[in-house]
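Structure file query_27.txt; described as compact mmCIF, C-alpha atoms.
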# COMPACT_ATOMS: atom_id res chain seq x y z
CA MET A 1 13.89 11.60 6.60
CA ALA A 2 12.89 15.27 6.85
CA LEU A 3 12.57 17.26 3.64
CA PRO A 4 15.03 20.13 3.05
CA PHE A 5 12.22 22.68 2.86
CA ALA A 6 9.36 23.82 5.05
CA ASN A 7 5.86 24.93 4.10
CA SER A 8 3.22 27.25 5.49
CA ILE A 9 0.17 25.33 4.29
CA ARG A 10 -1.30 24.88 7.75
CA THR A 11 -1.10 28.63 8.46
CA LEU A 12 -2.51 29.48 5.04
CA ARG A 13 -5.41 27.07 5.54
CA PHE A 14 -6.17 28.77 8.86
CA LEU A 15 -6.06 32.20 7.25
CA HIS A 16 -8.39 31.05 4.48
CA GLY A 17 -11.43 30.46 6.67
CA GLU A 18 -9.95 27.47 8.47
CA MET A 19 -10.01 25.46 5.28
CA THR A 20 -9.85 21.74 6.06
CA GLN A 21 -7.27 19.37 4.63
CA ALA A 22 -10.09 17.60 2.82
CA ASP A 23 -11.23 20.87 1.19
CA LEU A 24 -7.71 21.68 0.03
CA ALA A 25 -7.22 18.12 -1.17
CA ALA A 26 -10.40 18.29 -3.26
CA ARG A 27 -9.33 21.58 -4.82
CA ILE A 28 -5.87 20.39 -5.86
CA GLY A 29 -6.89 16.84 -6.85
CA VAL A 30 -5.12 14.71 -4.25
CA THR A 31 -6.22 12.74 -1.18
CA ARG A 32 -6.57 14.20 2.31
CA GLN A 33 -3.70 11.96 3.47
CA THR A 34 -1.42 13.44 0.80
CA VAL A 35 -2.16 16.97 2.00
CA ALA A 36 -1.44 15.83 5.58
CA ALA A 37 1.85 14.25 4.47
CA ILE A 38 2.89 17.42 2.61
CA GLU A 39 2.00 19.59 5.62
CA GLN A 40 4.03 17.38 7.96
CA GLY A 41 7.02 17.47 5.63
CA LYS A 42 6.84 13.73 4.97
CA TYR A 43 6.09 13.96 1.27
CA SER A 44 7.60 16.16 -1.42
CA PRO A 45 4.82 17.12 -3.87
CA SER A 46 5.29 17.40 -7.60
CA LEU A 47 5.84 20.87 -9.02
CA GLU A 48 2.32 20.77 -10.43
CA VAL A 49 0.72 20.07 -7.04
CA ALA A 50 2.94 22.68 -5.39
CA PHE A 51 1.74 25.28 -7.92
CA ARG A 52 -1.88 24.20 -7.43
CA ILE A 53 -1.55 24.71 -3.65
CA ALA A 54 -0.03 28.16 -4.15
CA HIS A 55 -2.77 29.03 -6.63
CA VAL A 56 -5.53 28.05 -4.16
CA PHE A 57 -4.09 30.45 -1.58
CA GLY A 58 -3.31 33.14 -4.15
CA LYS A 59 0.34 33.21 -3.11
CA PRO A 60 3.60 32.81 -5.05
CA LEU A 61 5.23 29.41 -4.70
CA GLU A 62 8.11 30.71 -2.59
CA GLU A 63 5.69 31.97 0.06
CA VAL A 64 4.16 28.54 0.46
CA PHE A 65 7.34 26.46 0.27
CA VAL A 66 10.50 27.83 1.88
CA TRP A 67 13.95 26.28 1.59
CA GLY A 68 14.86 25.23 5.12
CA ASN A 69 17.63 26.75 7.27
CA ALA A 70 18.96 23.30 8.06
CA VAL A 71 20.39 22.92 4.57
CA GLU A 72 21.68 26.44 4.03
CA GLY A 73 25.12 26.46 2.50
CA GLN A 74 24.60 23.23 0.60
CA ASP A 75 23.55 25.00 -2.57
CA MET B 1 0.22 -6.95 20.50
CA SER B 2 -1.97 -3.91 21.16
CA ASP B 3 -0.46 -2.30 18.03
CA ILE B 4 -1.84 -5.13 15.90
CA PHE B 5 -5.31 -4.68 17.42
CA ASN B 6 -5.09 -0.91 16.82
CA ILE B 7 -4.22 -1.48 13.16
CA MET B 8 -7.05 -4.01 12.73
CA PHE B 9 -9.45 -1.52 14.37
CA ASP B 10 -8.19 1.31 12.12
CA ILE B 11 -8.79 -0.72 8.96
CA PHE B 12 -12.55 -0.81 9.50
CA ASP B 13 -12.87 2.48 11.40
CA MET B 14 -14.69 5.22 9.47
CA GLU B 15 -12.89 8.04 11.31
CA SER B 16 -9.44 6.51 10.93
CA ILE B 17 -6.76 8.62 9.24
CA MET B 18 -5.34 5.48 7.62
CA PRO B 19 -5.54 5.88 3.82
CA PHE B 20 -8.09 3.71 2.01
CA ARG B 21 -5.39 2.02 -0.06
CA GLU B 22 -3.31 1.21 3.01
CA LYS B 23 -6.37 -0.48 4.52
CA ILE B 24 -6.78 -2.57 1.36
CA ALA B 25 -3.06 -3.43 1.48
CA TRP B 26 -3.40 -4.61 5.10
CA VAL B 27 -6.36 -6.82 4.21
CA SER B 28 -4.47 -8.23 1.20
CA LEU B 29 -1.35 -8.90 3.27
CA VAL B 30 -3.17 -10.60 6.14
CA GLY B 31 -5.48 -12.52 3.78
CA THR B 32 -2.55 -13.70 1.64
CA ILE B 33 -0.49 -14.83 4.63
CA VAL B 34 -3.39 -16.63 6.33
CA VAL B 35 -4.90 -18.34 3.27
CA TRP B 36 -1.68 -19.36 1.55
CA GLY B 37 -0.10 -20.17 4.91
CA LEU B 38 -2.89 -22.69 5.49
CA TYR B 39 -2.53 -24.06 1.95
CA PHE B 40 1.24 -24.48 2.06
CA GLY B 41 1.03 -25.74 5.64
CA GLY B 42 -1.36 -28.44 4.44
CA LEU B 43 0.96 -29.16 1.53
CA ALA B 44 3.89 -29.61 3.91
CA LEU B 45 1.88 -32.05 6.04
CA HIS B 46 0.42 -34.03 3.12
CA GLY B 47 3.12 -33.45 0.53
CA ASP B 48 2.09 -36.15 -1.90
CA GLY B 49 -1.61 -35.42 -1.75
CA GLY B 50 -1.64 -33.85 -5.19
CA HIS B 51 -1.87 -37.22 -6.83
CA ASP B 52 -5.28 -38.00 -5.41
CA GLY B 53 -6.64 -34.56 -6.13
CA ARG B 54 -6.95 -33.39 -2.53
CA MET B 55 -4.37 -30.66 -2.93
CA VAL B 56 -5.96 -29.51 -6.16
CA LEU B 57 -9.19 -29.17 -4.23
CA ALA B 58 -7.29 -27.31 -1.49
CA LEU B 59 -5.81 -24.99 -4.14
CA VAL B 60 -9.25 -24.16 -5.54
CA GLY B 61 -10.54 -23.71 -1.97
CA ALA B 62 -7.69 -21.33 -1.12
CA VAL B 63 -8.36 -19.19 -4.21
CA VAL B 64 -12.10 -19.05 -3.48
CA LEU B 65 -11.48 -18.25 0.21
CA LEU B 66 -9.04 -15.45 -0.69
CA VAL B 67 -11.50 -13.98 -3.21
CA ILE B 68 -14.27 -14.03 -0.59
CA ILE B 69 -12.05 -12.47 2.12
CA MET B 70 -10.78 -9.76 -0.25
CA GLY B 71 -14.19 -9.10 -1.76
CA VAL B 72 -16.11 -8.81 1.51
CA SER B 73 -13.36 -6.79 3.25
CA SER B 74 -12.99 -4.39 0.31
CA ILE B 75 -16.75 -3.85 0.14
CA VAL B 76 -16.99 -3.18 3.91
CA ILE B 77 -14.02 -0.77 3.83
CA ALA B 78 -15.41 1.00 0.75
CA ILE B 79 -18.87 1.37 2.34
CA ARG B 80 -17.30 2.89 5.45
CA ASN B 81 -15.04 5.21 3.39
CA PRO B 82 -17.16 5.99 0.28
CA SER B 83 -15.44 9.22 -0.74
CA GLU B 84 -11.94 7.73 -0.53
CA ALA B 85 -13.04 4.55 -2.29
CA GLN B 86 -14.30 6.55 -5.28
CA ALA B 87 -11.31 8.88 -5.44
CA PRO B 88 -8.73 8.04 -8.12
CA ARG B 89 -5.10 7.37 -7.14
CA ASP B 90 -3.16 10.57 -6.69
CA GLU B 91 0.56 11.12 -7.36
CA ARG B 92 1.59 9.92 -3.87
CA ASP B 93 -0.42 6.70 -4.26
CA ARG B 94 1.20 6.08 -7.65
CA GLN B 95 4.68 6.79 -6.29
CA ILE B 96 4.22 4.42 -3.34
CA ALA B 97 2.80 1.71 -5.65
CA ALA B 98 5.72 2.09 -8.06
CA ARG B 99 8.28 1.81 -5.25
CA ALA B 100 6.54 -1.28 -3.88
CA ALA B 101 6.64 -2.91 -7.33
CA VAL B 102 10.34 -2.08 -7.69
CA ILE B 103 11.03 -3.78 -4.35
CA ALA B 104 8.83 -6.84 -5.04
CA TYR B 105 9.87 -7.50 -8.65
CA PRO B 106 13.41 -8.82 -7.96
CA VAL B 107 12.04 -10.99 -5.14
CA LEU B 108 9.47 -12.45 -7.54
CA MET B 109 12.08 -13.03 -10.26
CA VAL B 110 14.53 -14.83 -7.94
CA ALA B 111 11.71 -16.92 -6.47
CA VAL B 112 10.42 -17.90 -9.95
CA ILE B 113 13.94 -18.89 -11.08
CA CYS B 114 14.36 -20.98 -7.91
CA ALA B 115 10.95 -22.59 -8.48
CA GLY B 116 11.87 -23.46 -12.07
CA GLY B 117 15.27 -24.68 -10.97
CA SER B 118 13.69 -27.03 -8.45
CA ALA B 119 12.65 -29.22 -11.40
CA HIS B 120 16.32 -30.15 -11.81
CA LEU B 121 16.41 -31.25 -8.18
CA GLY B 122 13.77 -33.90 -8.70
CA ASN B 123 10.70 -31.78 -8.04
CA GLY B 124 7.73 -33.14 -10.01
CA LEU B 125 5.21 -31.15 -12.05
CA PHE B 126 2.88 -30.61 -9.10
CA GLY B 127 5.81 -29.57 -6.94
CA VAL B 128 7.11 -27.09 -9.52
CA LEU B 129 3.64 -25.61 -9.98
CA ASN B 130 3.33 -25.18 -6.22
CA ALA B 131 6.79 -23.63 -6.08
CA LEU B 132 5.73 -21.15 -8.81
CA LEU B 133 2.57 -20.40 -6.85
CA GLY B 134 4.70 -19.88 -3.75
CA ALA B 135 6.92 -17.48 -5.71
CA MET B 136 3.89 -15.41 -6.73
CA VAL B 137 2.57 -15.42 -3.16
CA LEU B 138 5.98 -14.32 -1.86
CA GLY B 139 6.20 -11.53 -4.45
CA GLU B 140 2.70 -10.30 -3.64
CA THR B 141 3.38 -10.45 0.11
CA VAL B 142 6.52 -8.35 -0.32
CA ARG B 143 4.63 -5.88 -2.56
CA GLN B 144 1.80 -5.43 -0.04
CA ALA B 145 4.27 -5.05 2.84
CA ALA B 146 6.22 -2.45 0.83
CA LEU B 147 2.97 -0.60 0.09
CA ILE B 148 2.15 -0.44 3.81
CA LEU B 149 5.67 0.73 4.65
CA GLY B 150 5.41 3.35 1.93
CA TYR B 151 2.18 4.75 3.36
CA ARG B 152 3.60 4.71 6.88
CA ARG B 153 6.76 6.58 5.86
CA ALA B 154 5.48 9.08 3.30
Full structure transcribed into C-alpha cells:
Amino acid sequence: MALPFANSIRTLRFLHGEMTQADLAARIGVTRQTVAAIEQGKYSPSLEVAFRIAHVFGKPLEEVFVWGNAVEGQD
Amino acid sequence: MSDIFNIMFDIFDMESIMPFREKIAWVSLVGTIVVWGLYFGGLALHGDGGHDGRMVLALVGAVVLLVIIMGVSSIVIAIRNPSEAQAPRDERDRQIAARAAVIAYPVLMVAVICAGGSAHLGNGLFGVLNALLGAMVLGETVRQAALILGYRRA
C-alpha cells in the first residue's frame, strides 16, 4: 500500500554530489535497504530518522517529506 | 520455478539488493522445512521407532544437521556481505521482526495446546514430545515466512 506522502530524497541525494543510498544510510544509522524502501515510498520512517535525513541535506522536514495530493481533503 | 532459482542465487550473491537478514531468513526457512520435513517424514514412516532409540538418534541428527546448515550458510553469507553482517538492526528490521513474532506467536500457542491435548487422545510421551517439537517448528516456519514477507513488502 502506498504511503500518503511523497519524498524528495532521491533528488536531494543527486543535488548533494550524487550521494549514494549507502552513504546516506551510514549517516543516518540505517541500512541501505531501508533508505531504498523510504525513497520508494514503501516504508514510513520514524520521526527521528526523518529528521536525520532532513538534517543531512540541510533542509526543513517539510521540504523532504511532502503530504501527497492523493489524500488531500482527508485531513 | 525460475523465481526460486533467482531467490537462491540472490541469497549468496554479493551484489544482490536482498537485505542480509532476509537472506538469513530464507536459509532458516528452507533449512527448517528440509531438515524437519525429513525428520517428521521418517517419523511418519517408522512411527514407533522411538522405543528402540532410532528416532532419538534421528532427532539428534536433525538438530546437528540444522546447526551445520545454518552455521555454514550464515558464515558464507556474512563473508560475502561483511558490512551488512556487522551492521546492527535498524528500526525497519526491528519493526519487521516484531510483526513476524506477532503473526507467529498465536500459531505457536495453538500448536502447543494441540500438542499437549494430544496426550488425552492416547499419544504417548514420545509422541507428545514430537508434537511439541512440531509446534515449535511450525511456529518458527511461520515466523521466518512472515519475516521474508515483511522484507518483500516494506
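Within 9 Å of chain A, and using only C-alpha atoms, the residues found on chain B are Ile17, Met18, Pro19, Glu84, Ala87, Pro88, Arg89, Asp90, Glu91, Arg92, Asp93, Arg153 and Ala154 of chain B.
The shell of residues at most 8 Å from segment 130-147 of chain B, with only C-alpha atoms counted and near chain neighbours (fewer than 2 positions) removed, consists of Glu22, Ala25, Trp26, Ser28, Leu29, Thr32, Ile33, Trp36, Ile96, Ala97, Arg99, Ala100, Ala101, Ile103, Ala104, Tyr105, Val107, Leu108, Ala111, Val112, Ala115, Gly116, Phe126, Gly127, Val128, Leu149, Gly150 and Tyr151 of chain B.
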TODO: Between atom CA of His55 of chain A and atom CA of Arg27 of chain A, measure the distance and give it in Å to one decimal.
DONE: 10.1 Å
Open item on the list: One number please: atom CA of Arg94 of chain B to atom CA of Leu24 of chain A, in Å, one decimal.
Closed with: 19.5 Å
- [ ] Tell me which protein, DNA and RNA residues are within 12 Å of Val72 of chain B, counting all atoms listed in the file, leaving out same-chain ones fewer than 5 positions away, and put them as a ChimeraX atom specification.
- [x] /B:12,24,27-28,31,65-67,77-79
Just C-alpha atoms for this one: save the residues we selected as an mmCIF file, in the frame of the given file.
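Full text of again22.cif as output:
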data_model
loop_
_atom_site.group_PDB
_atom_site.id
_atom_site.type_symbol
_atom_site.label_atom_id
_atom_site.label_comp_id
_atom_site.auth_asym_id
_atom_site.auth_seq_id
_atom_site.Cartn_x
_atom_site.Cartn_y
_atom_site.Cartn_z
ATOM 1 C CA PHE B 12 -12.550 -0.810 9.500
ATOM 2 C CA ILE B 24 -6.780 -2.570 1.360
ATOM 3 C CA VAL B 27 -6.360 -6.820 4.210
ATOM 4 C CA SER B 28 -4.470 -8.230 1.200
ATOM 5 C CA GLY B 31 -5.480 -12.520 3.780
ATOM 6 C CA LEU B 65 -11.480 -18.250 0.210
ATOM 7 C CA LEU B 66 -9.040 -15.450 -0.690
ATOM 8 C CA VAL B 67 -11.500 -13.980 -3.210
ATOM 9 C CA ILE B 77 -14.020 -0.770 3.830
ATOM 10 C CA ALA B 78 -15.410 1.000 0.750
ATOM 11 C CA ILE B 79 -18.870 1.370 2.340
#
- [ ] Could you tell me how far atom CA of Arg13 of chain A lies from atom CA of Glu39 of chain A, in Å and to one decimal?
- [x] 10.5 Å
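Distance check against Ala50 of chain A using all atoms listed in the file: of A:Ile28, A:Leu3, A:Ala22, A:Leu15, the minimum falls on A:Ile28.
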Task: Exercise: Ala54 of chain A partners within 12 Å, all atoms listed in the file, chain neighbours under 3 positions left out, as a list in words - done: Asn7, Ser8, Ile9, Leu12, Arg13, Leu24, Arg27, Ile28, Leu47, Glu48, Val49, Ala50, Phe51, Phe57, Gly58, Lys59, Pro60, Leu61, Glu62, Glu63, Val64 and Phe65 of chain A
